[in-house]
Each structure stands twice: as C-alpha cells, then as structure tokens.
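Raw upload_36.txt, compact mmCIF, C-alpha atoms and all ligand atoms:
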```txt
# COMPACT_ATOMS: atom_id res chain seq x y z
CA MET Z 7 169.53 -10.93 225.25
CA SER Z 8 166.27 -9.63 226.60
CA PHE Z 9 165.53 -9.49 230.28
CA GLN Z 10 162.84 -12.12 229.85
CA ARG Z 11 165.21 -14.52 228.14
CA VAL Z 12 167.87 -14.05 230.83
CA PHE Z 13 165.27 -14.67 233.47
CA ARG Z 14 164.01 -17.78 231.68
CA ARG Z 15 167.54 -19.18 231.35
CA LEU Z 16 168.17 -18.54 235.04
CA ALA Z 17 164.90 -20.25 235.99
CA LEU Z 18 165.74 -23.25 233.80
CA ALA Z 19 169.22 -23.49 235.31
CA MET Z 20 167.76 -23.43 238.81
CA LEU Z 21 165.22 -26.11 237.89
CA GLY Z 22 168.01 -28.26 236.51
CA ALA Z 23 170.04 -27.86 239.71
CA ALA Z 24 167.03 -28.74 241.86
CA ALA Z 25 166.40 -31.85 239.80
CA LEU Z 26 170.01 -32.96 240.28
CA ALA Z 27 169.99 -32.24 244.02
CA ALA Z 28 166.77 -34.05 244.88
CA PRO Z 29 166.30 -37.52 243.42
CA VAL Z 30 162.73 -38.11 242.24
CA ARG Z 31 160.83 -39.38 245.25
CA ALA Z 32 158.16 -41.98 244.85
CA GLU Z 33 154.77 -40.57 245.60
CA THR Z 34 152.99 -43.26 247.55
CA LEU Z 35 149.37 -43.30 248.62
CA VAL Z 36 147.72 -45.96 250.74
CA LEU Z 37 143.94 -46.39 250.94
CA LYS Z 38 142.73 -48.93 253.50
CA ASN Z 39 139.75 -50.58 255.18
CA PHE Z 40 137.30 -49.99 252.32
CA ASN Z 41 134.79 -52.21 250.53
CA LEU Z 42 136.24 -52.88 247.08
CA ILE Z 43 134.20 -53.05 243.87
CA ASP Z 44 137.08 -53.71 241.48
CA GLY Z 45 135.39 -53.35 238.07
CA THR Z 46 136.00 -56.98 237.01
CA GLY Z 47 132.41 -57.94 237.73
CA GLY Z 48 133.47 -60.06 240.74
CA ALA Z 49 131.97 -59.89 244.22
CA MET Z 50 132.59 -56.95 246.53
CA LYS Z 51 135.59 -57.42 248.82
CA PRO Z 52 135.16 -55.87 252.27
CA GLY Z 53 138.27 -54.98 254.31
CA SER Z 54 140.43 -54.08 251.30
CA ALA Z 55 143.49 -51.90 250.93
CA MET Z 56 145.66 -50.63 248.10
CA VAL Z 57 149.07 -49.09 247.62
CA VAL Z 58 149.40 -46.54 244.82
CA ASP Z 59 152.87 -45.72 243.58
CA ASN Z 60 153.28 -42.72 241.26
CA GLY Z 61 149.68 -43.07 240.20
CA ARG Z 62 149.60 -46.81 239.54
CA ILE Z 63 148.28 -49.58 241.77
CA ALA Z 64 151.36 -51.32 243.18
CA TRP Z 65 149.44 -53.67 245.49
CA ILE Z 66 145.79 -54.38 246.27
CA GLY Z 67 144.42 -56.96 248.68
CA PRO Z 68 143.07 -57.61 252.19
CA ALA Z 69 143.84 -54.77 254.63
CA ALA Z 70 145.11 -57.42 257.07
CA LYS Z 71 148.00 -58.12 254.68
CA LEU Z 72 148.81 -54.47 253.95
CA LYS Z 73 152.45 -53.43 254.28
CA ALA Z 74 152.29 -49.65 254.00
CA PRO Z 75 155.57 -48.28 252.62
CA ALA Z 76 157.40 -45.85 254.92
CA GLY Z 77 156.51 -42.23 254.23
CA ALA Z 78 153.27 -43.09 252.39
CA GLU Z 79 150.21 -40.93 252.77
CA VAL Z 80 147.65 -43.24 254.43
CA LYS Z 81 143.89 -42.73 254.22
CA ASP Z 82 141.59 -44.82 256.39
CA LEU Z 83 138.35 -45.34 254.45
CA ALA Z 84 136.51 -47.45 257.02
CA GLY Z 85 132.83 -47.79 256.02
CA LYS Z 86 133.44 -46.47 252.49
CA TYR Z 87 133.10 -48.10 249.06
CA VAL Z 88 135.75 -47.77 246.35
CA MET Z 89 135.03 -48.46 242.67
CA PRO Z 90 136.92 -47.62 239.46
CA GLY Z 91 136.26 -44.25 237.88
CA MET Z 92 133.54 -44.56 235.26
CA ILE Z 93 134.23 -44.61 231.51
CA ASP Z 94 131.64 -42.93 229.28
CA LEU Z 95 132.00 -44.18 225.70
CA HIS Z 96 129.69 -41.56 224.16
CA VAL Z 97 130.03 -37.89 225.05
CA HIS Z 98 130.54 -34.53 223.38
CA VAL Z 99 132.70 -31.79 224.84
CA GLY Z 100 133.35 -28.11 224.29
CA LEU Z 101 130.09 -27.40 222.49
CA VAL Z 102 127.61 -25.89 224.93
CA LYS Z 103 127.53 -22.72 227.02
CA ASP Z 104 124.33 -21.90 228.91
CA LEU Z 105 122.30 -24.35 226.78
CA LYS Z 106 123.56 -22.89 223.48
CA LEU Z 107 125.38 -25.33 221.23
CA ASP Z 108 127.90 -23.64 218.96
CA ILE Z 109 131.20 -24.96 217.64
CA ASP Z 110 132.67 -21.50 218.33
CA ASN Z 111 132.35 -22.34 222.05
CA TYR Z 112 135.04 -25.00 221.60
CA SER Z 113 138.15 -23.93 223.52
CA ARG Z 114 140.82 -25.40 225.76
CA GLU Z 115 139.20 -23.67 228.71
CA LEU Z 116 135.71 -25.09 228.09
CA VAL Z 117 136.90 -28.61 227.24
CA GLN Z 118 139.11 -28.76 230.32
CA SER Z 119 136.38 -27.43 232.60
CA GLU Z 120 134.04 -30.14 231.30
CA LEU Z 121 136.69 -32.83 231.74
CA SER Z 122 137.17 -31.57 235.31
CA GLN Z 123 133.41 -31.74 235.84
CA TYR Z 124 133.29 -35.32 234.58
CA ALA Z 125 136.05 -36.21 237.03
CA ALA Z 126 134.25 -34.40 239.87
CA TYR Z 127 131.33 -36.78 239.30
CA GLY Z 128 133.56 -39.85 239.23
CA VAL Z 129 133.76 -40.17 235.43
CA THR Z 130 137.50 -40.45 234.84
CA THR Z 131 137.53 -41.31 231.11
CA VAL Z 132 135.35 -40.13 228.24
CA GLN Z 133 135.20 -40.93 224.53
CA VAL Z 134 134.05 -38.03 222.36
CA MET Z 135 131.92 -39.17 219.43
CA GLY Z 136 132.83 -37.16 216.39
CA THR Z 137 132.42 -33.51 217.35
CA ASP Z 138 135.92 -32.39 218.34
CA LYS Z 139 138.05 -29.64 216.90
CA ASP Z 140 141.67 -30.54 216.21
CA LEU Z 141 142.67 -28.94 219.52
CA VAL Z 142 141.60 -32.26 221.06
CA PHE Z 143 144.71 -33.95 219.69
CA THR Z 144 146.91 -31.47 221.57
CA LEU Z 145 144.96 -31.99 224.80
CA ARG Z 146 144.97 -35.77 224.40
CA GLY Z 147 148.71 -35.70 223.66
CA GLU Z 148 149.41 -33.74 226.83
CA GLN Z 149 147.35 -36.19 228.87
CA ARG Z 150 148.97 -39.27 227.40
CA ALA Z 151 152.49 -37.87 227.80
CA SER Z 152 152.13 -37.90 231.59
CA GLY Z 153 149.35 -40.46 231.99
CA ARG Z 154 148.26 -38.40 234.96
CA PRO Z 155 145.81 -35.65 233.96
CA LYS Z 156 143.98 -33.92 236.81
CA MET Z 157 140.71 -34.34 234.92
CA ALA Z 158 138.95 -37.03 232.89
CA ARG Z 159 141.04 -38.79 230.27
CA ILE Z 160 139.91 -38.14 226.71
CA TYR Z 161 139.53 -40.42 223.66
CA THR Z 162 138.31 -38.94 220.41
CA ALA Z 163 136.69 -39.78 217.08
CA GLY Z 164 137.82 -36.40 215.73
CA GLN Z 165 135.25 -35.21 213.23
CA GLY Z 166 132.69 -37.94 212.56
CA LEU Z 167 131.31 -38.83 209.13
CA VAL Z 168 128.03 -37.16 208.13
CA PHE Z 169 126.13 -37.66 204.87
CA LYS Z 170 125.51 -34.52 202.82
CA GLY Z 171 121.99 -33.28 203.62
CA GLY Z 172 121.77 -35.94 206.29
CA TYR Z 173 121.45 -36.05 210.04
CA GLY Z 174 124.38 -35.68 212.44
CA GLY Z 175 127.47 -33.72 213.33
CA VAL Z 176 127.80 -30.06 214.27
CA PRO Z 177 127.35 -27.21 211.80
CA ARG Z 178 130.64 -25.74 210.54
CA LEU Z 179 132.67 -28.63 212.00
CA ASN Z 180 131.80 -31.93 210.32
CA GLU Z 181 132.33 -31.80 206.55
CA PRO Z 182 129.57 -33.85 204.94
CA VAL Z 183 130.35 -36.49 202.32
CA ALA Z 184 128.16 -37.41 199.36
CA THR Z 185 129.81 -40.46 197.77
CA PRO Z 186 131.72 -43.59 198.82
CA ASP Z 187 134.88 -42.06 197.39
CA GLU Z 188 134.49 -38.86 199.43
CA ALA Z 189 133.75 -41.00 202.47
CA ARG Z 190 136.98 -42.96 202.10
CA LYS Z 191 138.99 -39.76 201.72
CA ALA Z 192 137.33 -38.28 204.80
CA VAL Z 193 138.14 -41.39 206.82
CA ASP Z 194 141.77 -41.06 205.70
CA VAL Z 195 141.82 -37.44 206.88
CA GLN Z 196 140.67 -38.54 210.34
CA ALA Z 197 143.03 -41.50 210.46
CA ASP Z 198 145.95 -39.24 209.54
CA LYS Z 199 145.06 -36.97 212.46
CA GLY Z 200 145.34 -39.92 214.83
CA VAL Z 201 141.75 -40.50 215.94
CA ASP Z 202 140.99 -43.34 218.34
CA LEU Z 203 138.01 -44.50 216.24
CA ILE Z 204 135.75 -43.48 213.36
CA LYS Z 205 132.20 -42.28 214.03
CA LEU Z 206 129.40 -42.20 211.45
CA TRP Z 207 125.79 -41.06 211.64
CA VAL Z 208 123.07 -43.17 210.03
CA ASP Z 209 119.71 -41.62 210.84
CA ASP Z 210 117.05 -39.40 209.27
CA GLU Z 211 115.78 -37.66 212.44
CA LEU Z 212 112.33 -39.27 212.25
CA GLY Z 213 112.05 -38.75 208.52
CA THR Z 214 112.94 -35.06 208.53
CA MET Z 215 116.42 -35.30 206.98
CA GLY Z 216 118.45 -37.36 204.56
CA LYS Z 217 120.09 -40.59 205.68
CA MET Z 218 123.57 -41.90 204.82
CA PRO Z 219 123.00 -44.50 202.04
CA PRO Z 220 124.27 -48.08 202.44
CA GLU Z 221 127.07 -47.72 199.88
CA VAL Z 222 128.49 -44.73 201.80
CA SER Z 223 128.33 -46.39 205.24
CA ALA Z 224 129.94 -49.50 203.74
CA ALA Z 225 132.80 -47.34 202.42
CA VAL Z 226 133.27 -45.61 205.79
CA ILE Z 227 133.43 -48.92 207.66
CA ASP Z 228 135.71 -50.60 205.14
CA GLN Z 229 138.11 -47.66 204.99
CA ALA Z 230 138.21 -47.42 208.81
CA HIS Z 231 139.18 -51.09 208.94
CA LYS Z 232 141.83 -50.58 206.25
CA ARG Z 233 143.33 -47.90 208.50
CA GLY Z 234 143.24 -50.17 211.55
CA LEU Z 235 140.39 -48.26 213.21
CA ARG Z 236 137.02 -49.35 214.48
CA ALA Z 237 133.87 -47.72 213.10
CA ILE Z 238 131.03 -46.86 215.47
CA ALA Z 239 127.62 -45.84 214.19
CA HIS Z 240 124.92 -43.57 215.49
CA ILE Z 241 121.68 -45.45 214.79
CA PHE Z 242 118.01 -45.15 215.65
CA TYR Z 243 116.24 -47.79 213.52
CA LEU Z 244 116.43 -51.57 213.81
CA ASP Z 245 116.83 -51.99 210.04
CA ASP Z 246 119.82 -49.64 209.93
CA ALA Z 247 121.43 -51.45 212.87
CA LYS Z 248 121.06 -54.79 211.04
CA ARG Z 249 122.51 -53.50 207.78
CA LEU Z 250 125.44 -51.81 209.55
CA VAL Z 251 126.22 -54.95 211.53
CA ASP Z 252 126.23 -56.89 208.24
CA GLN Z 253 128.58 -54.23 206.82
CA GLY Z 254 130.97 -54.90 209.70
CA VAL Z 255 130.39 -51.92 211.98
CA ASP Z 256 132.20 -52.46 215.29
CA GLY Z 257 129.69 -50.88 217.62
CA LEU Z 258 126.39 -49.08 218.01
CA ALA Z 259 126.51 -45.70 219.75
CA HIS Z 260 122.82 -45.63 220.72
CA SER Z 261 120.09 -48.15 221.43
CA VAL Z 262 117.72 -49.30 218.72
CA ARG Z 263 114.66 -47.21 219.57
CA ASP Z 264 111.98 -47.77 216.92
CA LYS Z 265 111.33 -51.49 217.47
CA PRO Z 266 112.27 -54.39 219.68
CA VAL Z 267 115.66 -55.88 218.80
CA ASP Z 268 115.09 -59.28 217.19
CA ALA Z 269 116.78 -62.65 216.90
CA ALA Z 270 118.41 -61.74 213.57
CA LEU Z 271 120.16 -58.66 215.02
CA ILE Z 272 121.18 -60.53 218.16
CA SER Z 273 122.72 -63.46 216.30
CA ALA Z 274 124.49 -61.12 213.85
CA MET Z 275 125.95 -59.01 216.69
CA LYS Z 276 127.12 -62.11 218.51
CA ALA Z 277 128.61 -63.67 215.39
CA ARG Z 278 130.46 -60.49 214.46
CA HIS Z 279 131.30 -59.39 218.03
CA THR Z 280 129.53 -56.09 217.52
CA VAL Z 281 129.30 -54.13 220.76
CA GLN Z 282 126.36 -52.08 221.96
CA ILE Z 283 128.94 -49.55 223.17
CA ALA Z 284 126.47 -47.00 224.55
CA GLU Z 285 122.77 -47.21 225.34
CA THR Z 286 122.33 -43.44 225.95
CA LEU Z 287 119.24 -43.95 228.13
CA ALA Z 288 120.05 -40.70 229.96
CA ARG Z 289 119.79 -38.95 226.58
CA GLU Z 290 116.42 -40.52 225.83
CA GLU Z 291 115.16 -39.30 229.20
CA ALA Z 292 116.65 -35.79 229.04
CA VAL Z 293 115.06 -35.00 225.68
CA PHE Z 294 111.58 -34.99 227.22
CA GLU Z 295 112.08 -34.66 230.99
CA PHE Z 296 112.67 -30.93 230.83
CA GLY Z 297 109.47 -30.29 228.86
CA ALA Z 298 107.64 -30.03 232.19
CA PRO Z 299 108.46 -29.07 235.79
CA THR Z 300 110.59 -31.87 237.28
CA PRO Z 301 112.09 -32.44 240.76
CA THR Z 302 115.44 -32.99 239.03
CA LEU Z 303 115.76 -29.19 238.70
CA ASN Z 304 115.87 -28.93 242.51
CA ASP Z 305 118.26 -31.84 243.04
CA PRO Z 306 121.60 -30.52 244.36
CA PHE Z 307 123.37 -33.44 242.63
CA PHE Z 308 121.93 -32.21 239.31
CA ARG Z 309 122.29 -28.49 240.02
CA GLN Z 310 126.05 -28.71 240.47
CA ALA Z 311 126.33 -29.93 236.86
CA ALA Z 312 124.54 -26.96 235.28
CA SER Z 313 125.38 -23.27 235.06
CA PRO Z 314 123.12 -20.83 236.96
CA ALA Z 315 121.88 -19.42 233.64
CA SER Z 316 121.04 -22.92 232.38
CA LEU Z 317 119.11 -23.71 235.56
CA GLU Z 318 117.14 -20.51 235.29
CA MET Z 319 116.24 -21.15 231.65
CA MET Z 320 115.29 -24.76 232.32
CA ALA Z 321 112.94 -23.70 235.11
CA SER Z 322 111.10 -21.26 232.86
CA PRO Z 323 107.58 -22.37 231.83
CA GLU Z 324 108.11 -20.81 228.38
CA ARG Z 325 111.11 -23.02 227.67
CA GLN Z 326 109.30 -26.07 229.01
CA LYS Z 327 106.34 -25.31 226.76
CA GLN Z 328 108.64 -24.88 223.80
CA ILE Z 329 110.23 -28.30 224.41
CA ALA Z 330 106.82 -29.92 224.85
CA SER Z 331 105.53 -28.48 221.58
CA ALA Z 332 108.25 -30.09 219.46
CA PRO Z 333 107.02 -32.53 216.81
CA HIS Z 334 107.13 -36.13 218.11
CA PHE Z 335 107.44 -34.90 221.72
CA HIS Z 336 104.83 -37.42 222.84
CA ASP Z 337 106.73 -40.29 221.22
CA LEU Z 338 109.93 -39.56 223.14
CA PRO Z 339 109.03 -41.49 226.35
CA LYS Z 340 108.21 -44.50 224.14
CA PHE Z 341 111.72 -44.38 222.65
CA LEU Z 342 113.22 -44.45 226.15
CA GLU Z 343 111.08 -47.44 227.10
CA GLN Z 344 112.04 -49.25 223.87
CA ALA Z 345 115.72 -48.56 224.52
CA LYS Z 346 115.43 -49.93 228.08
CA ALA Z 347 113.61 -53.07 226.91
CA ASN Z 348 116.20 -53.62 224.19
CA LEU Z 349 119.11 -53.31 226.63
CA LYS Z 350 117.64 -56.04 228.80
CA VAL Z 351 117.09 -58.33 225.79
CA LEU Z 352 120.66 -57.80 224.49
CA GLN Z 353 122.13 -58.35 227.95
CA LYS Z 354 120.16 -61.56 228.47
CA ALA Z 355 121.19 -62.80 225.04
CA GLY Z 356 124.88 -62.24 225.82
CA VAL Z 357 125.55 -59.40 223.39
CA PRO Z 358 128.50 -57.35 224.68
CA TYR Z 359 127.57 -53.87 225.87
CA GLY Z 360 129.39 -50.85 227.25
CA PHE Z 361 128.30 -47.61 228.81
CA GLY Z 362 127.56 -44.23 227.30
CA THR Z 363 125.21 -41.29 227.76
CA ASP Z 364 125.56 -38.79 224.89
CA ALA Z 365 126.22 -36.13 227.52
CA GLY Z 366 127.52 -32.76 226.41
CA ALA Z 367 124.72 -31.62 224.13
CA ALA Z 368 122.43 -28.83 225.34
CA GLY Z 369 120.57 -29.93 228.48
CA ARG Z 370 122.60 -33.12 228.93
CA PHE Z 371 125.12 -32.41 231.62
CA PRO Z 372 128.59 -33.91 232.14
CA GLY Z 373 128.74 -36.10 235.23
CA TYR Z 374 125.09 -36.04 236.18
CA SER Z 375 124.17 -37.96 232.99
CA GLU Z 376 126.35 -40.94 233.91
CA HIS Z 377 124.70 -41.49 237.30
CA GLU Z 378 121.29 -41.19 235.66
CA GLU Z 379 122.42 -43.73 233.06
CA LEU Z 380 123.37 -46.21 235.80
CA SER Z 381 119.94 -45.76 237.40
CA LEU Z 382 118.16 -46.26 234.07
CA MET Z 383 120.21 -49.38 233.30
CA VAL Z 384 119.05 -50.83 236.61
CA GLU Z 385 115.46 -49.80 235.81
CA SER Z 386 115.93 -51.73 232.55
CA GLY Z 387 116.48 -54.91 234.52
CA LEU Z 388 120.25 -55.06 234.99
CA THR Z 389 121.65 -55.51 238.49
CA PRO Z 390 123.65 -52.61 239.96
CA ALA Z 391 126.73 -54.84 239.67
CA GLN Z 392 126.11 -55.35 235.93
CA ALA Z 393 125.59 -51.63 235.34
CA ILE Z 394 128.80 -50.75 237.19
CA HIS Z 395 130.72 -53.46 235.36
CA ALA Z 396 129.53 -51.99 232.03
CA ALA Z 397 130.69 -48.52 233.10
CA THR Z 398 134.14 -49.68 234.24
CA GLY Z 399 135.82 -52.93 233.24
CA GLU Z 400 133.69 -53.62 230.17
CA ALA Z 401 133.96 -50.06 228.85
CA ALA Z 402 137.76 -50.25 229.22
CA GLN Z 403 137.79 -53.50 227.23
CA PHE Z 404 136.03 -51.74 224.38
CA LEU Z 405 138.64 -48.94 224.50
CA LYS Z 406 141.39 -51.57 224.61
CA ALA Z 407 142.71 -49.46 227.50
CA LYS Z 408 144.78 -52.04 229.34
CA ASP Z 409 145.55 -49.80 232.31
CA LEU Z 410 142.03 -48.45 232.92
CA GLY Z 411 138.66 -49.73 234.08
CA THR Z 412 139.53 -52.04 236.95
CA LEU Z 413 141.35 -51.65 240.24
CA GLU Z 414 144.11 -54.23 239.85
CA VAL Z 415 147.90 -54.23 240.13
CA GLY Z 416 149.56 -52.21 237.38
CA LYS Z 417 146.51 -50.13 236.45
CA TRP Z 418 146.18 -46.40 236.93
CA ALA Z 419 144.50 -45.64 240.27
CA ASP Z 420 141.42 -43.98 238.78
CA ALA Z 421 138.93 -44.47 241.60
CA VAL Z 422 135.81 -43.14 243.25
CA VAL Z 423 135.19 -43.25 247.01
CA LEU Z 424 131.51 -43.55 247.97
CA ASP Z 425 129.79 -43.18 251.34
CA ALA Z 426 127.16 -45.85 250.61
CA ASN Z 427 126.98 -49.17 248.77
CA PRO Z 428 126.03 -48.78 245.08
CA LEU Z 429 125.45 -52.55 244.78
CA ALA Z 430 122.65 -52.31 247.36
CA ASP Z 431 121.04 -49.28 245.66
CA ILE Z 432 122.44 -47.84 242.44
CA LYS Z 433 121.45 -44.33 243.58
CA ASN Z 434 124.33 -44.66 246.05
CA SER Z 435 126.71 -44.10 243.11
CA ARG Z 436 125.88 -40.45 243.85
CA THR Z 437 127.30 -40.51 247.39
CA ILE Z 438 130.70 -39.35 246.14
CA ARG Z 439 133.24 -38.56 248.85
CA ALA Z 440 136.45 -38.39 246.78
CA VAL Z 441 137.76 -39.01 243.27
CA TYR Z 442 141.26 -40.02 242.24
CA VAL Z 443 142.78 -39.82 238.77
CA ALA Z 444 146.09 -41.74 238.67
CA GLY Z 445 146.23 -41.56 242.45
CA GLN Z 446 145.79 -37.80 242.53
CA SER Z 447 142.83 -36.49 244.47
CA VAL Z 448 140.81 -34.18 242.19
CA PRO Z 449 138.01 -31.82 243.31
CA SER Z 450 134.75 -33.76 243.58
CA ILE Z 451 131.18 -32.55 243.82
CA LYS Z 452 129.85 -31.38 247.19
CA ARG Z 453 127.86 -33.71 249.39
ZN ZN Z 501 126.24 -38.18 220.43
```

Translate this structure into structure tokens?
Ligand SMILES: [Zn+2]
Amino acid sequence: MSFQRVFRRLALAMLGAAALAAPVRAETLVLKNFNLIDGTGGAMKPGSAMVVDNGRIAWIGPAAKLKAPAGAEVKDLAGKYVMPGMIDLHVHVGLVKDLKLDIDNYSRELVQSELSQYAAYGVTTVQVMGTDKDLVFTLRGEQRASGRPKMARIYTAGQGLVFKGGYGGVPRLNEPVATPDEARKAVDVQADKGVDLIKLWVDDELGTMGKMPPEVSAAVIDQAHKRGLRAIAHIFYLDDAKRLVDQGVDGLAHSVRDKPVDAALISAMKARHTVQIAETLAREEAVFEFGAPTPTLNDPFFRQAASPASLEMMASPERQKQIASAPHFHDLPKFLEQAKANLKVLQKAGVPYGFGTDAGAAGRFPGYSEHEELSLMVESGLTPAQAIHAATGEAAQFLKAKDLGTLEVGKWADAVVLDANPLADIKNSRTIRAVYVAGQSVPSIKR
C-alpha cells in the first residue's frame, strides 16, 4: 500500500471516529428586529425575526414572540430590510472572460466564480438558458445533494435548440437541427441528460439570419412536453410569440420588442397560462448603453461586477465607437422602450410574469444586471413591490421550487439584508449589507 493510501485510510478512520464522538449539532441562526419583505407579495412586516435551523427557516414572525434557541448565533438587524434572494430565470454562465465570449472559457472555476458573484449581489438562484456544457450537471448535482451551496443555486436548460443556419446558441456548443425529426431527437438528448427545461431560439437577428420554421418549433415543444419538460422560447417578434403560444410554448424568455403586444397575444397567454418568464430589460439597455460614455462605468456598484480589463476596454472611445457603428444601433433604444411598454401592458392584463436579465453575455454582468432589471421594471410602471415579487416568489413558482423564493417556514433561508427600504425606492435594492444562502453568510459586494 502506498504512503498516500495509508494516509488516506488513517484520515478516513479519524473522520469516522470524530463523527461518532460528536453528535451532529444543529446549526442555528437567529435574525431579529428587521423589516421583512417575504416574497409573497404581501405588505412589509416591521419588527420581524426568524430562526434558521440547518439552513431552513424553522420559525418566522414578530420579534416580540421570538424564542431564540439556546446556543444560537443571534444577529440584531435593527433598521435593516430583509428580502428573499433574487431568482434570475434567464442567464448564461461560464462563457465570457474580459468581454470575450468563447465556449472554451467554460470551466468549473469560471462558473463557480460567476455563481459566487451572483450571490454577492443578492441573486441566490439562476436559470441558465441553453448554453451550458455538461459539466453543469455535475455542479448542479453537487449543489442539490447538500441543498446548501455557498453560491447561487443553478438550474439549466443544457444545450438549447437552434435551427441550422439560424440565430441563437453558442458556436461549437449547440448542435443545430434542420428538421422536426432532428429536433425531437435533440430534445431527447437533453431530456436524457436531466435538464430542468428545454430552450429554443426563434429569431432571425433583424433579418440577418435564418429563423427556426414553425414545424420545427412545434416539434421541439411537443417533444419537450412528451418528456415532461417545459419549453421556453427566445423571441423578438410579436408574430413569433403568437405562433409559439398557439403551439403550446410554456414561456417567453424575452419581451416582444418589435411591436406592442396585442389583445390576441394577451388572451392566448392567459388561456394557455404562458408565462413571460423574463423581460430582459437590462439586456436591452446594455446593448446600447456602452456605445457612449456613461456614468455607469464609474459606479462602484457596477465596477465590482466587471474585471479590470473589461472596465478598461469599455471606457475606450474606440470600443464605444465600434458599438455605436453597429447596424440597427439607433433602433436599440426603441426596442428597450417597446419592451418596457409591453411589460406594463402584460402586467395590467394579468399575464403571469417572472424575472430575468440575460446576464452573462459579453458586457452584461452577473449581479449588476438584476438590480438594473428591477429599476427598469419600475420605470416600466410596476411598483417596487411588484418588481421584487416577480424576482422572488413569482420566479420560484415558475421554477416549481417549493423551498425557494419566499421567506416562510420550511424554506431555505436564502436572504438579502439591505440598509435601506427597496419598496420606497427600488435603487435601495443595491444597499446590500449581507447575503445568506441556506442560512450561510456568503461574501457580498462592498458598500
Ligand atoms: Zn439569453
């Protein structure tokens, strides 16, 4: 037996002995005297407290009724605001280093550093929309085995469905399909891997590329349903959104951006319970904002999300000029405004909506994007309470994640502590003082 193996056996034996000697002690955390925004959409509850036992909320209620268990770690959060960690239903991870998107960047190290960055900004769960390598299933498996990752929780669509010659996906990752039959087989491949959902792209990048034809999208959606999975579509055009809703798509991963949403789309979405799962307003803003000097580049809340090399490149007039010279650059602000107007119309009409940013592509930074999304949702006409509800309780409902999204008994204690009230001013979502994932304090951004 080698020295290493002897040593390993000895270490294992000692671990076993320690486990026998010391019974597993409950790890109990008490937070008290805070203003609670619980993620259910209900009113804020001042003077709240909660008891967290091994990562889950064991009790939550008025601080006056708190019975702190003996030996618990107690944190007095007088004057603070506590809300659930945010859930972003549309991100990409592991793709970008210093503004360069390349599937070869995808590694455990990069994905985990991004998941840690999401958590640092109070985003404790993310859903990756169709651009993951298979490594994601290992990472997700490790997270779900414990339930207590020290970073954002990950959901994945694996490799999303792209039409051959069409728009979407990442080069050398997503294998395009050309026919309904190929599409069904590709959905089966993803289902066999254990994806959480199926993603498909239906767009032509403003007429510059091919678009997935109706018979192929119908096959993707139908096969996803046969495998017990929901199908979520990238869309841009109103007409595509309508056809996909008629084909039974379960959610839209972006806002309709070419035209106002109309009564026909609204009634179809309501009848079929189709969810506007992500509005990606932060994406619509980021694609043109950095085509000119912007105060965002000097905002410490933004700067912590970007690498020094990225910041330097983004500040360069040459890069800004290059962005501004792209075809359709001058249409991009119109698409943002259309997306904002459409969100307000859908919300008023009672169409269910979630929260998502499309963060994780070049120039769209994990963590920062979500706070910008909240601000843009409020600019669209939602109240801060509605925006936060979308990013917490409602997003969890879409995920069917029964133990995420709200701060209630039995749920994981995924929570963000804020210095100022985000219901009074949504920009206060940025006053992050601490972040917890399953009751564990994780490093948060600097104030
Ligand atoms: Zn995306």

- Message: Counting all atoms listed in the file, what are the residues, protein, DNA or RNA alike, that approach ligand ZN 501 (chain Z) to within 9 Å? I want them as JSON, numbers by chain.
- Response: {"Z": [96, 97, 98, 134, 135, 136, 137, 174, 175, 240, 259, 260, 286, 289, 363, 364, 365, 366, 367]}

- Item | Atom-to-atom span, CA of Leu258 in chain Z and CA of Glu211 in chain Z, Å | 16.6 Å

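CA of Glu221 in chain Z sits 15.8 Å away from CA of Gly171 in chain Z.
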
- Task: Skip His395 in chain Z itself and residues of its chain fewer than 4 positions away, then list as number ranges by chain all residues within 12 Å of it, counting all atoms listed in the file.
- Result: Z: 43-50, 89-93, 358-361, 380, 383, 388-391, 399-403, 411-413, 428-429

- Do a neighbour search on Gln149 in chain Z at 12 Å with only C-alpha atoms, toss out local chain neighbours closer than 4 positions, and write the hits as a list in words.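 My list of contacting residues is Gln118, Leu121, Thr131, Val142, Phe143, Thr144, Leu145, Gly153, Arg154, Pro155, Lys156, Met157, Ala158, Arg159, Ile160, Tyr161, Val443 and Ala444 of chain Z.
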
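Considering the residues Z:Gly356, Z:Pro220, Z:Gly362, Z:Pro323 and counting only C-alpha atoms, Ile283 in chain Z has its shortest atom-to-atom contact with Z:Gly362.
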
Report as a tab-separated table: every residue of range 321-402 of chain Z with an atom at most 12 Å from range 212-218 of chain Z, its closest pair of atoms, and their distance in Å to one decimal, counting only C-alpha atoms, with rows sorted by chain and ascending residue number.
```
residue	atom	partner	partner_atom	distance
Z:Pro333	CA	Z:Leu212	CA	9.7
Z:His334	CA	Z:Leu212	CA	8.4
Z:Phe335	CA	Z:Leu212	CA	11.5
Z:Asp337	CA	Z:Leu212	CA	10.6
Z:Leu338	CA	Z:Leu212	CA	11.2
Z:Phe341	CA	Z:Leu212	CA	11.6
```

- Task: Name the residues in contact with Val201 in chain Z at a cut-off of 6 Å, using all atoms listed in the file, excluding same-chain residues fewer than 2 positions from it; report them as a PyMOL selection string.
- Result: chain Z and resi 162-164+197+199+203

- Point (114.1, -52.3, 220.0), cut-off 9 Å, counting only C-alpha atoms, residues as a PyMOL selection string: chain Z and resi 243-244+261-268+341+344-349+351

Print the selection's residues with C-alpha atoms to a file, as a short mmCIF file (atom, residue, chain, number, x, y, z; two decimals), in the frame of the given file.
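File written: result-v5.cif
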```cif
data_model
loop_
_atom_site.label_atom_id
_atom_site.label_comp_id
_atom_site.auth_asym_id
_atom_site.auth_seq_id
_atom_site.Cartn_x
_atom_site.Cartn_y
_atom_site.Cartn_z
CA TYR Z 243 116.24 -47.79 213.52
CA LEU Z 244 116.43 -51.57 213.81
CA SER Z 261 120.09 -48.15 221.43
CA VAL Z 262 117.72 -49.30 218.72
CA ARG Z 263 114.66 -47.21 219.57
CA ASP Z 264 111.98 -47.77 216.92
CA LYS Z 265 111.33 -51.49 217.47
CA PRO Z 266 112.27 -54.39 219.68
CA VAL Z 267 115.66 -55.88 218.80
CA ASP Z 268 115.09 -59.28 217.19
CA PHE Z 341 111.72 -44.38 222.65
CA GLN Z 344 112.04 -49.25 223.87
CA ALA Z 345 115.72 -48.56 224.52
CA LYS Z 346 115.43 -49.93 228.08
CA ALA Z 347 113.61 -53.07 226.91
CA ASN Z 348 116.20 -53.62 224.19
CA LEU Z 349 119.11 -53.31 226.63
CA VAL Z 351 117.09 -58.33 225.79
#
```

- Item | Z:Leu405, Z:Val422, Z:Ala355, Z:Ala237 ranked by distance to Ala126 in chain Z, top pick (using only C-alpha atoms) |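 Nearest candidate to Ala126 in chain Z out of Z:Leu405, Z:Val422, Z:Ala355, Z:Ala237: Z:Val422.
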
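Coordinates place CA of Lys51 in chain Z at a distance of 19.4 Å from CA of Trp418 in chain Z.
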
- Message: Can you pull out the residues contacting Tyr442 in chain Z? Cut-off 6 Å, using all atoms listed in the file, and skip same-chain residues under 5 positions away; I want them as a list of chain:residue names.
- Response: Z:Asp420, Z:Ala421, Z:Ser447, Z:Val448

- Item | Selected residue, from Z:Val102, Z:Ile109, Z:Ala292, Z:Leu352, that lies nearest to Pro339 in chain Z when counting only C-alpha atoms | Z:Ala292
